[in-house]
Amino acid sequence: MPSPRPESALRPGEDPRERARVLGLMRDAALSGSAPPVGPRPVISASWQRVRDAGLDPRGSSELPLLDPADLEQRRAASGLEPLLPLLRARLLPVAEAAAQIMVVVDAEGCVLWREGGVGVRRRADDLRFVEGSAWDENSVGTNAIGTSLVVEAPLHVYAGEHWSEGHQPWTCAAAPLHDPMTGRLLGAVDLSGPAHTVHASTMALVDAVARLVEVELRLAHEHAVERLRVLAAPVLARLSGPALVVSQDGIPAAAVDLAVPARVALPETLQAGEVWLPGLGRCSVEPLPGGWLLRPDANGPTSQVEPTHLVLDLTGDPPQVHVATASGRWQHSLTPRHAEVLRALARSPEGRSAAQLAEDLFGEGGSRVTVRAEMSRLRRTLGPLLQHQPYRIATGVQVELRESPAVQPGAPRP
């Protein structure tokens, strides 16, 4: 699946100072309600609408508390991104230092985990509280490359007047999200930021290429881990009778006996030894293995994929959830905001939506079909039996219940 095309604010050969001047006029006009000289890019317009709806003051947000050192270390460990730092430093830090920029790595919620670069630009970032332990998501600081790329889950460059916050106008930022290539789960983002005069048209392509390289490294590491699990599982499975399946901690099969091997098992977000119902397998006994799980389906239960019969899309909580009931059990899964919006659009259109229609639903006119296809691919890794394509739709026969806040009305601006 091709990655979404990087969204750059600066075209090759374009005068950065003239572009910054035009973007400043555009932002001033948008805030005052007058006609801008040019319209914002769709991704920026949608972001401005989100932060405007959230009531964020463009003149500056209140100073949010920073994480204390213990909490920051806990977030770093939970992110799983620390092993990737040597690769990121080798590929991006020399560029950042040569360009008087900083390299920033954030988790999936936009918390700054690491920030590295030259002393001068780090001091300027300190003035914005753009520091380790700070929140750099849209809800906290408005439109910016890091927070907005996490929302749209696509690489993005934000320059000068495209930023929402007044204090961010003198900056340029290029960020790309990092995904787990096996599950599609959003892990965080990597970013190069600096004063606006350090902008370069190639920076976005570089950051995106390094993010893709990181995901290749993650895939290779995962494949090696699954192979180790497969070797460990062989003698375990040889001693068993009846169907059994060994999967990695994220549900990727490593070995099986007397069982059709699924592409992936949707495991609960918290799993422990004992009895559990799993989609596609039914009731299973679960035993921990180093680096994974041994699943033994109930011999009297279903061993093939059970078609879901009832889906509840609950958008009232944080995070949004999808609850699925079948003839033999129930399960639920937490959704990213983007995946919640995809399912919301499909729930409102039982007849289905094309990639072009979904792109317009999610991003407005000119939205990327490639991004939509990538999101649907990620969704189907977990919710495969729920989704059909050509056109994209929720599976025939599934009863759908949509729960959302009364404030959210059809056609309202969404991410």
# chains A, B, ... in the order shown; residues from 1 in each chain; ligands from 1
call {"tool": "select_by_dssp", "arguments": {"residues": "range 59-299 of chain A", "states": "alpha helix (DSSP H)", "output": "PDB file with N, CA and C atoms, in the first residue's frame"}}
result
ATOM      1  N   PRO A  69       9.796  14.441  35.257  1.00  0.00           N
ATOM      2  CA  PRO A  69      10.761  13.496  34.677  1.00  0.00           C
ATOM      3  C   PRO A  69      10.323  12.035  34.767  1.00  0.00           C
ATOM      4  N   ALA A  70       9.701  11.645  35.867  1.00  0.00           N
ATOM      5  CA  ALA A  70       9.276  10.243  36.016  1.00  0.00           C
ATOM      6  C   ALA A  70       8.189   9.894  35.009  1.00  0.00           C
ATOM      7  N   ASP A  71       7.225  10.794  34.835  1.00  0.00           N
ATOM      8  CA  ASP A  71       6.156  10.540  33.871  1.00  0.00           C
ATOM      9  C   ASP A  71       6.687  10.532  32.440  1.00  0.00           C
ATOM     10  N   LEU A  72       7.654  11.408  32.165  1.00  0.00           N
ATOM     11  CA  LEU A  72       8.245  11.447  30.830  1.00  0.00           C
ATOM     12  C   LEU A  72       8.949  10.128  30.524  1.00  0.00           C
ATOM     13  N   GLU A  73       9.722   9.616  31.482  1.00  0.00           N
ATOM     14  CA  GLU A  73      10.403   8.343  31.277  1.00  0.00           C
ATOM     15  C   GLU A  73       9.403   7.213  31.067  1.00  0.00           C
ATOM     16  N   GLN A  74       8.293   7.266  31.783  1.00  0.00           N
ATOM     17  CA  GLN A  74       7.260   6.241  31.624  1.00  0.00           C
ATOM     18  C   GLN A  74       6.661   6.285  30.224  1.00  0.00           C
ATOM     19  N   ARG A  75       6.402   7.496  29.722  1.00  0.00           N
ATOM     20  CA  ARG A  75       5.859   7.637  28.370  1.00  0.00           C
ATOM     21  C   ARG A  75       6.872   7.162  27.326  1.00  0.00           C
ATOM     22  N   ARG A  76       8.136   7.479  27.529  1.00  0.00           N
ATOM     23  CA  ARG A  76       9.159   7.033  26.592  1.00  0.00           C
ATOM     24  C   ARG A  76       9.178   5.508  26.498  1.00  0.00           C
ATOM     25  N   ALA A  77       9.124   4.854  27.652  1.00  0.00           N
ATOM     26  CA  ALA A  77       9.145   3.393  27.661  1.00  0.00           C
ATOM     27  C   ALA A  77       7.890   2.813  27.016  1.00  0.00           C
ATOM     28  N   ALA A  78       6.728   3.425  27.296  1.00  0.00           N
ATOM     29  CA  ALA A  78       5.463   2.903  26.764  1.00  0.00           C
ATOM     30  C   ALA A  78       5.348   3.104  25.263  1.00  0.00           C
ATOM     31  N   SER A  79       6.036   4.117  24.718  1.00  0.00           N
ATOM     32  CA  SER A  79       5.901   4.429  23.297  1.00  0.00           C
ATOM     33  C   SER A  79       6.496   3.362  22.394  1.00  0.00           C
ATOM     34  N   LEU A  85      15.638   5.420  17.998  1.00  0.00           N
ATOM     35  CA  LEU A  85      16.383   6.677  18.080  1.00  0.00           C
ATOM     36  C   LEU A  85      17.721   6.636  17.354  1.00  0.00           C
ATOM     37  N   PRO A  86      18.517   5.552  17.449  1.00  0.00           N
ATOM     38  CA  PRO A  86      19.803   5.568  16.715  1.00  0.00           C
ATOM     39  C   PRO A  86      19.620   5.791  15.219  1.00  0.00           C
ATOM     40  N   LEU A  87      18.604   5.165  14.623  1.00  0.00           N
ATOM     41  CA  LEU A  87      18.357   5.357  13.190  1.00  0.00           C
ATOM     42  C   LEU A  87      17.910   6.789  12.905  1.00  0.00           C
ATOM     43  N   LEU A  88      17.004   7.322  13.720  1.00  0.00           N
ATOM     44  CA  LEU A  88      16.527   8.691  13.515  1.00  0.00           C
ATOM     45  C   LEU A  88      17.663   9.692  13.677  1.00  0.00           C
ATOM     46  N   ARG A  89      18.482   9.479  14.695  1.00  0.00           N
ATOM     47  CA  ARG A  89      19.608  10.394  14.908  1.00  0.00           C
ATOM     48  C   ARG A  89      20.591  10.342  13.739  1.00  0.00           C
ATOM     49  N   ALA A  90      20.875   9.140  13.252  1.00  0.00           N
ATOM     50  CA  ALA A  90      21.849   9.007  12.169  1.00  0.00           C
ATOM     51  C   ALA A  90      21.362   9.667  10.890  1.00  0.00           C
ATOM     52  N   ARG A  91      20.060   9.579  10.609  1.00  0.00           N
ATOM     53  CA  ARG A  91      19.535  10.069   9.335  1.00  0.00           C
ATOM     54  C   ARG A  91      19.070  11.523   9.380  1.00  0.00           C
ATOM     55  N   LEU A  92      18.598  11.985  10.538  1.00  0.00           N
ATOM     56  CA  LEU A  92      17.988  13.313  10.596  1.00  0.00           C
ATOM     57  C   LEU A  92      18.764  14.334  11.420  1.00  0.00           C
ATOM     58  N   LEU A  93      19.441  13.893  12.478  1.00  0.00           N
ATOM     59  CA  LEU A  93      20.075  14.873  13.351  1.00  0.00           C
ATOM     60  C   LEU A  93      21.171  15.678  12.649  1.00  0.00           C
ATOM     61  N   PRO A  94      22.027  15.074  11.803  1.00  0.00           N
ATOM     62  CA  PRO A  94      23.018  15.903  11.094  1.00  0.00           C
ATOM     63  C   PRO A  94      22.362  16.966  10.214  1.00  0.00           C
ATOM     64  N   VAL A  95      21.257  16.601   9.572  1.00  0.00           N
ATOM     65  CA  VAL A  95      20.536  17.573   8.745  1.00  0.00           C
ATOM     66  C   VAL A  95      19.965  18.684   9.607  1.00  0.00           C
ATOM     67  N   ALA A  96      19.362  18.297  10.747  1.00  0.00           N
ATOM     68  CA  ALA A  96      18.780  19.290  11.643  1.00  0.00           C
ATOM     69  C   ALA A  96      19.836  20.272  12.135  1.00  0.00           C
ATOM     70  N   GLU A  97      20.982  19.755  12.541  1.00  0.00           N
ATOM     71  CA  GLU A  97      22.026  20.635  13.078  1.00  0.00           C
ATOM     72  C   GLU A  97      22.606  21.529  11.986  1.00  0.00           C
ATOM     73  N   ALA A  98      22.769  21.001  10.784  1.00  0.00           N
ATOM     74  CA  ALA A  98      23.312  21.813   9.687  1.00  0.00           C
ATOM     75  C   ALA A  98      22.340  22.910   9.268  1.00  0.00           C
ATOM     76  N   VAL A 119      22.219  24.267  20.043  1.00  0.00           N
ATOM     77  CA  VAL A 119      21.880  25.018  21.249  1.00  0.00           C
ATOM     78  C   VAL A 119      21.015  26.232  20.926  1.00  0.00           C
ATOM     79  N   GLY A 120      21.366  26.972  19.860  1.00  0.00           N
ATOM     80  CA  GLY A 120      20.636  28.198  19.545  1.00  0.00           C
ATOM     81  C   GLY A 120      19.166  27.957  19.254  1.00  0.00           C
ATOM     82  N   VAL A 121      18.867  26.970  18.405  1.00  0.00           N
ATOM     83  CA  VAL A 121      17.467  26.729  18.059  1.00  0.00           C
ATOM     84  C   VAL A 121      16.716  26.090  19.224  1.00  0.00           C
ATOM     85  N   ARG A 122      17.414  25.316  20.045  1.00  0.00           N
ATOM     86  CA  ARG A 122      16.742  24.768  21.230  1.00  0.00           C
ATOM     87  C   ARG A 122      16.346  25.877  22.196  1.00  0.00           C
ATOM     88  N   ARG A 123      17.164  26.902  22.290  1.00  0.00           N
ATOM     89  CA  ARG A 123      16.795  28.035  23.150  1.00  0.00           C
ATOM     90  C   ARG A 123      15.560  28.743  22.616  1.00  0.00           C
ATOM     91  N   ARG A 124      15.476  28.893  21.293  1.00  0.00           N
ATOM     92  CA  ARG A 124      14.288  29.519  20.712  1.00  0.00           C
ATOM     93  C   ARG A 124      13.051  28.654  20.938  1.00  0.00           C
ATOM     94  N   ALA A 125      13.233  27.341  20.848  1.00  0.00           N
ATOM     95  CA  ALA A 125      12.115  26.436  21.113  1.00  0.00           C
ATOM     96  C   ALA A 125      11.693  26.491  22.576  1.00  0.00           C
ATOM     97  N   ASP A 126      12.661  26.712  23.467  1.00  0.00           N
ATOM     98  CA  ASP A 126      12.336  26.845  24.895  1.00  0.00           C
ATOM     99  C   ASP A 126      11.340  27.977  25.122  1.00  0.00           C
ATOM    100  N   ASP A 127      11.503  29.060  24.357  1.00  0.00           N
ATOM    101  CA  ASP A 127      10.613  30.214  24.524  1.00  0.00           C
ATOM    102  C   ASP A 127       9.166  29.871  24.192  1.00  0.00           C
ATOM    103  N   GLU A 138      -2.939  19.043  18.454  1.00  0.00           N
ATOM    104  CA  GLU A 138      -3.762  20.162  17.989  1.00  0.00           C
ATOM    105  C   GLU A 138      -4.564  20.786  19.107  1.00  0.00           C
ATOM    106  N   ASN A 139      -5.136  19.967  19.980  1.00  0.00           N
ATOM    107  CA  ASN A 139      -5.990  20.505  21.036  1.00  0.00           C
ATOM    108  C   ASN A 139      -5.216  21.383  22.013  1.00  0.00           C
ATOM    109  N   SER A 140      -3.905  21.179  22.084  1.00  0.00           N
ATOM    110  CA  SER A 140      -3.091  21.949  23.031  1.00  0.00           C
ATOM    111  C   SER A 140      -2.486  23.202  22.409  1.00  0.00           C
ATOM    112  N   VAL A 141      -1.972  23.103  21.181  1.00  0.00           N
ATOM    113  CA  VAL A 141      -1.249  24.241  20.595  1.00  0.00           C
ATOM    114  C   VAL A 141      -1.773  24.639  19.220  1.00  0.00           C
ATOM    115  N   ALA A 145       2.621  20.993  12.392  1.00  0.00           N
ATOM    116  CA  ALA A 145       2.926  19.796  11.621  1.00  0.00           C
ATOM    117  C   ALA A 145       2.811  18.537  12.456  1.00  0.00           C
ATOM    118  N   ILE A 146       3.286  18.577  13.698  1.00  0.00           N
ATOM    119  CA  ILE A 146       3.245  17.385  14.534  1.00  0.00           C
ATOM    120  C   ILE A 146       1.804  16.992  14.855  1.00  0.00           C
ATOM    121  N   GLY A 147       1.079  17.903  15.495  1.00  0.00           N
ATOM    122  CA  GLY A 147      -0.272  17.573  15.932  1.00  0.00           C
ATOM    123  C   GLY A 147      -1.207  17.264  14.787  1.00  0.00           C
ATOM    124  N   THR A 148      -1.096  18.017  13.687  1.00  0.00           N
ATOM    125  CA  THR A 148      -2.009  17.806  12.567  1.00  0.00           C
ATOM    126  C   THR A 148      -1.661  16.542  11.805  1.00  0.00           C
ATOM    127  N   SER A 149      -0.375  16.202  11.690  1.00  0.00           N
ATOM    128  CA  SER A 149      -0.010  14.950  11.019  1.00  0.00           C
ATOM    129  C   SER A 149      -0.515  13.749  11.806  1.00  0.00           C
ATOM    130  N   LEU A 150      -0.584  13.878  13.131  1.00  0.00           N
ATOM    131  CA  LEU A 150      -1.135  12.785  13.939  1.00  0.00           C
ATOM    132  C   LEU A 150      -2.635  12.627  13.710  1.00  0.00           C
ATOM    133  N   VAL A 151      -3.322  13.740  13.493  1.00  0.00           N
ATOM    134  CA  VAL A 151      -4.763  13.673  13.247  1.00  0.00           C
ATOM    135  C   VAL A 151      -5.050  13.041  11.890  1.00  0.00           C
ATOM    136  N   VAL A 152      -4.374  13.519  10.849  1.00  0.00           N
ATOM    137  CA  VAL A 152      -4.652  13.013   9.501  1.00  0.00           C
ATOM    138  C   VAL A 152      -3.852  11.760   9.180  1.00  0.00           C
ATOM    139  N   THR A 203      12.829  19.262   2.732  1.00  0.00           N
ATOM    140  CA  THR A 203      12.802  18.740   4.098  1.00  0.00           C
ATOM    141  C   THR A 203      11.659  17.763   4.306  1.00  0.00           C
ATOM    142  N   MET A 204      10.484  18.081   3.750  1.00  0.00           N
ATOM    143  CA  MET A 204       9.337  17.205   3.948  1.00  0.00           C
ATOM    144  C   MET A 204       9.599  15.822   3.360  1.00  0.00           C
ATOM    145  N   ALA A 205      10.176  15.786   2.158  1.00  0.00           N
ATOM    146  CA  ALA A 205      10.471  14.502   1.527  1.00  0.00           C
ATOM    147  C   ALA A 205      11.476  13.701   2.341  1.00  0.00           C
ATOM    148  N   LEU A 206      12.450  14.381   2.926  1.00  0.00           N
ATOM    149  CA  LEU A 206      13.448  13.701   3.742  1.00  0.00           C
ATOM    150  C   LEU A 206      12.813  13.087   4.985  1.00  0.00           C
ATOM    151  N   VAL A 207      12.016  13.869   5.693  1.00  0.00           N
ATOM    152  CA  VAL A 207      11.386  13.368   6.914  1.00  0.00           C
ATOM    153  C   VAL A 207      10.483  12.182   6.593  1.00  0.00           C
ATOM    154  N   ASP A 208       9.720  12.287   5.514  1.00  0.00           N
ATOM    155  CA  ASP A 208       8.832  11.193   5.123  1.00  0.00           C
ATOM    156  C   ASP A 208       9.634   9.942   4.775  1.00  0.00           C
ATOM    157  N   ALA A 209      10.733  10.103   4.040  1.00  0.00           N
ATOM    158  CA  ALA A 209      11.546   8.947   3.659  1.00  0.00           C
ATOM    159  C   ALA A 209      12.132   8.260   4.885  1.00  0.00           C
ATOM    160  N   VAL A 210      12.586   9.042   5.856  1.00  0.00           N
ATOM    161  CA  VAL A 210      13.147   8.449   7.076  1.00  0.00           C
ATOM    162  C   VAL A 210      12.061   7.743   7.879  1.00  0.00           C
ATOM    163  N   ALA A 211      10.863   8.321   7.923  1.00  0.00           N
ATOM    164  CA  ALA A 211       9.757   7.654   8.629  1.00  0.00           C
ATOM    165  C   ALA A 211       9.435   6.313   7.985  1.00  0.00           C
ATOM    166  N   ARG A 212       9.461   6.266   6.642  1.00  0.00           N
ATOM    167  CA  ARG A 212       9.204   4.996   5.956  1.00  0.00           C
ATOM    168  C   ARG A 212      10.327   3.998   6.239  1.00  0.00           C
ATOM    169  N   LEU A 213      11.566   4.489   6.308  1.00  0.00           N
ATOM    170  CA  LEU A 213      12.698   3.623   6.627  1.00  0.00           C
ATOM    171  C   LEU A 213      12.539   3.047   8.035  1.00  0.00           C
ATOM    172  N   VAL A 214      12.090   3.867   8.955  1.00  0.00           N
ATOM    173  CA  VAL A 214      11.853   3.398  10.321  1.00  0.00           C
ATOM    174  C   VAL A 214      10.815   2.277  10.319  1.00  0.00           C
ATOM    175  N   GLU A 215       9.767   2.432   9.535  1.00  0.00           N
ATOM    176  CA  GLU A 215       8.726   1.408   9.500  1.00  0.00           C
ATOM    177  C   GLU A 215       9.249   0.116   8.880  1.00  0.00           C
ATOM    178  N   VAL A 216      10.176   0.212   7.912  1.00  0.00           N
ATOM    179  CA  VAL A 216      10.820  -0.990   7.378  1.00  0.00           C
ATOM    180  C   VAL A 216      11.614  -1.688   8.467  1.00  0.00           C
ATOM    181  N   GLU A 217      12.342  -0.917   9.260  1.00  0.00           N
ATOM    182  CA  GLU A 217      13.107  -1.491  10.362  1.00  0.00           C
ATOM    183  C   GLU A 217      12.180  -2.165  11.376  1.00  0.00           C
ATOM    184  N   LEU A 218      11.056  -1.542  11.645  1.00  0.00           N
ATOM    185  CA  LEU A 218      10.089  -2.145  12.565  1.00  0.00           C
ATOM    186  C   LEU A 218       9.555  -3.466  12.018  1.00  0.00           C
ATOM    187  N   ARG A 219       9.278  -3.486  10.709  1.00  0.00           N
ATOM    188  CA  ARG A 219       8.773  -4.725  10.097  1.00  0.00           C
ATOM    189  C   ARG A 219       9.810  -5.840  10.194  1.00  0.00           C
ATOM    190  N   LEU A 220      11.062  -5.527   9.896  1.00  0.00           N
ATOM    191  CA  LEU A 220      12.111  -6.529   9.973  1.00  0.00           C
ATOM    192  C   LEU A 220      12.279  -7.044  11.396  1.00  0.00           C
ATOM    193  N   ALA A 221      12.247  -6.127  12.365  1.00  0.00           N
ATOM    194  CA  ALA A 221      12.381  -6.534  13.761  1.00  0.00           C
ATOM    195  C   ALA A 221      11.219  -7.429  14.169  1.00  0.00           C
ATOM    196  N   HIS A 222      10.017  -7.098  13.689  1.00  0.00           N
ATOM    197  CA  HIS A 222       8.850  -7.907  14.031  1.00  0.00           C
ATOM    198  C   HIS A 222       8.959  -9.287  13.394  1.00  0.00           C
ATOM    199  N   GLU A 223       9.393  -9.345  12.143  1.00  0.00           N
ATOM    200  CA  GLU A 223       9.538 -10.635  11.480  1.00  0.00           C
ATOM    201  C   GLU A 223      10.562 -11.507  12.193  1.00  0.00           C
ATOM    202  N   HIS A 224      11.649 -10.905  12.669  1.00  0.00           N
ATOM    203  CA  HIS A 224      12.638 -11.668  13.426  1.00  0.00           C
ATOM    204  C   HIS A 224      12.045 -12.174  14.731  1.00  0.00           C
ATOM    205  N   ALA A 225      11.246 -11.328  15.396  1.00  0.00           N
ATOM    206  CA  ALA A 225      10.621 -11.739  16.658  1.00  0.00           C
ATOM    207  C   ALA A 225       9.634 -12.884  16.432  1.00  0.00           C
ATOM    208  N   VAL A 226       8.853 -12.817  15.342  1.00  0.00           N
ATOM    209  CA  VAL A 226       7.901 -13.892  15.041  1.00  0.00           C
ATOM    210  C   VAL A 226       8.646 -15.177  14.713  1.00  0.00           C
ATOM    211  N   GLU A 227       9.776 -15.075  14.018  1.00  0.00           N
ATOM    212  CA  GLU A 227      10.554 -16.269  13.711  1.00  0.00           C
ATOM    213  C   GLU A 227      11.102 -16.900  14.990  1.00  0.00           C
ATOM    214  N   ARG A 228      11.568 -16.090  15.938  1.00  0.00           N
ATOM    215  CA  ARG A 228      12.038 -16.633  17.222  1.00  0.00           C
ATOM    216  C   ARG A 228      10.888 -17.318  17.955  1.00  0.00           C
ATOM    217  N   LEU A 229       9.698 -16.684  17.905  1.00  0.00           N
ATOM    218  CA  LEU A 229       8.530 -17.272  18.548  1.00  0.00           C
ATOM    219  C   LEU A 229       8.149 -18.593  17.880  1.00  0.00           C
ATOM    220  N   ARG A 230       8.302 -18.659  16.557  1.00  0.00           N
ATOM    221  CA  ARG A 230       7.975 -19.888  15.824  1.00  0.00           C
ATOM    222  C   ARG A 230       8.889 -21.039  16.264  1.00  0.00           C
ATOM    223  N   VAL A 231      10.174 -20.745  16.417  1.00  0.00           N
ATOM    224  CA  VAL A 231      11.122 -21.769  16.858  1.00  0.00           C
ATOM    225  C   VAL A 231      10.772 -22.225  18.276  1.00  0.00           C
ATOM    226  N   LEU A 232      10.460 -21.286  19.149  1.00  0.00           N
ATOM    227  CA  LEU A 232      10.106 -21.621  20.530  1.00  0.00           C
ATOM    228  C   LEU A 232       8.809 -22.422  20.589  1.00  0.00           C
ATOM    229  N   ALA A 233       7.860 -22.126  19.670  1.00  0.00           N
ATOM    230  CA  ALA A 233       6.542 -22.752  19.733  1.00  0.00           C
ATOM    231  C   ALA A 233       6.546 -24.182  19.226  1.00  0.00           C
ATOM    232  N   ALA A 234       7.504 -24.538  18.359  1.00  0.00           N
ATOM    233  CA  ALA A 234       7.469 -25.859  17.724  1.00  0.00           C
ATOM    234  C   ALA A 234       7.397 -27.007  18.730  1.00  0.00           C
ATOM    235  N   PRO A 235       8.267 -27.082  19.738  1.00  0.00           N
ATOM    236  CA  PRO A 235       8.152 -28.193  20.693  1.00  0.00           C
ATOM    237  C   PRO A 235       6.902 -28.114  21.570  1.00  0.00           C
ATOM    238  N   VAL A 236       6.410 -26.888  21.808  1.00  0.00           N
ATOM    239  CA  VAL A 236       5.186 -26.729  22.603  1.00  0.00           C
ATOM    240  C   VAL A 236       4.001 -27.327  21.854  1.00  0.00           C
ATOM    241  N   LEU A 237       3.865 -26.986  20.583  1.00  0.00           N
ATOM    242  CA  LEU A 237       2.747 -27.481  19.786  1.00  0.00           C
ATOM    243  C   LEU A 237       2.840 -28.977  19.551  1.00  0.00           C
ATOM    244  N   ALA A 238       4.066 -29.502  19.479  1.00  0.00           N
ATOM    245  CA  ALA A 238       4.247 -30.932  19.222  1.00  0.00           C
ATOM    246  C   ALA A 238       3.684 -31.788  20.346  1.00  0.00           C
TER     247      ALA A 238
END
call {"tool": "residues_around", "arguments": {"residues": "range 262-279 of chain A", "least_positions_apart": "5", "cutoff": "6 Å", "atoms": "only C-alpha atoms", "output": "NGL selection string"}}
result
:A and (251-252 or 284-287 or 382)
call {"tool": "closest_residue", "arguments": {"among": "A:Ala201, A:Val112, A:Leu81, A:Leu379", "to": "Ala9 in chain A", "atoms": "only C-alpha atoms"}}
result
A:Ala201
call {"tool": "atom_distance", "arguments": {"atom1": "CA of Pro320 in chain A", "atom2": "CA of Arg403 in chain A"}}
result
9.8 Å
call {"tool": "select_by_dssp", "arguments": {"residues": "range 236-328 of chain A", "states": "strand (DSSP E or B)", "output": "count of residues only"}}
result
40
call {"tool": "residues_around", "arguments": {"residues": "Pro16 in chain A", "least_positions_apart": "4", "cutoff": "8 Å", "atoms": "only C-alpha atoms", "output": "short mmCIF file (atom, residue, chain, number, x, y, z; two decimals) with all heavy atoms, in the first residue's frame"}}
result
data_model
loop_
_atom_site.label_atom_id
_atom_site.label_comp_id
_atom_site.auth_asym_id
_atom_site.auth_seq_id
_atom_site.Cartn_x
_atom_site.Cartn_y
_atom_site.Cartn_z
N LEU A 10 5.60 24.41 0.71
CA LEU A 10 6.52 25.16 -0.14
C LEU A 10 6.86 24.32 -1.37
O LEU A 10 7.31 23.19 -1.25
CB LEU A 10 7.80 25.50 0.63
CG LEU A 10 8.75 26.52 0.02
CD1 LEU A 10 8.11 27.89 -0.02
CD2 LEU A 10 10.05 26.56 0.82
N ALA A 20 5.79 33.13 2.78
CA ALA A 20 5.46 33.45 4.17
C ALA A 20 4.59 34.70 4.24
O ALA A 20 3.66 34.78 5.06
CB ALA A 20 6.74 33.63 4.99
N HIS A 197 13.13 30.97 8.43
CA HIS A 197 14.14 31.20 7.39
C HIS A 197 14.95 29.94 7.09
O HIS A 197 15.69 29.90 6.10
CB HIS A 197 15.07 32.34 7.80
CG HIS A 197 16.01 32.00 8.92
ND1 HIS A 197 15.71 32.26 10.24
CD2 HIS A 197 17.23 31.41 8.92
CE1 HIS A 197 16.71 31.85 11.01
NE2 HIS A 197 17.64 31.34 10.23
N VAL A 199 13.60 27.11 6.28
CA VAL A 199 12.75 26.25 5.47
C VAL A 199 13.45 25.80 4.20
O VAL A 199 14.24 26.54 3.61
CB VAL A 199 11.42 26.96 5.11
CG1 VAL A 199 11.66 28.12 4.17
CG2 VAL A 199 10.40 25.99 4.54
#
call {"tool": "closest_residue", "arguments": {"among": "A:Leu245, A:Val43, A:Val322, A:Val105", "to": "Val400 in chain A", "atoms": "only C-alpha atoms"}}
result
A:Val322
call {"tool": "closest_residue", "arguments": {"among": "A:Gly194, A:Pro337, A:Gly282, A:Pro36", "to": "Gly118 in chain A", "atoms": "only C-alpha atoms"}}
result
A:Gly194
call {"tool": "closest_residue", "arguments": {"among": "A:Ala374, A:Leu311, A:Val261, A:Val104", "to": "Trp331 in chain A", "atoms": "only C-alpha atoms"}}
result
A:Leu311
call {"tool": "residues_around", "arguments": {"residues": "Gly188 in chain A", "least_positions_apart": "4", "cutoff": "6 Å", "atoms": "only C-alpha atoms", "output": "JSON, numbers by chain"}}
result
{"A": [106, 107, 108, 177, 178]}
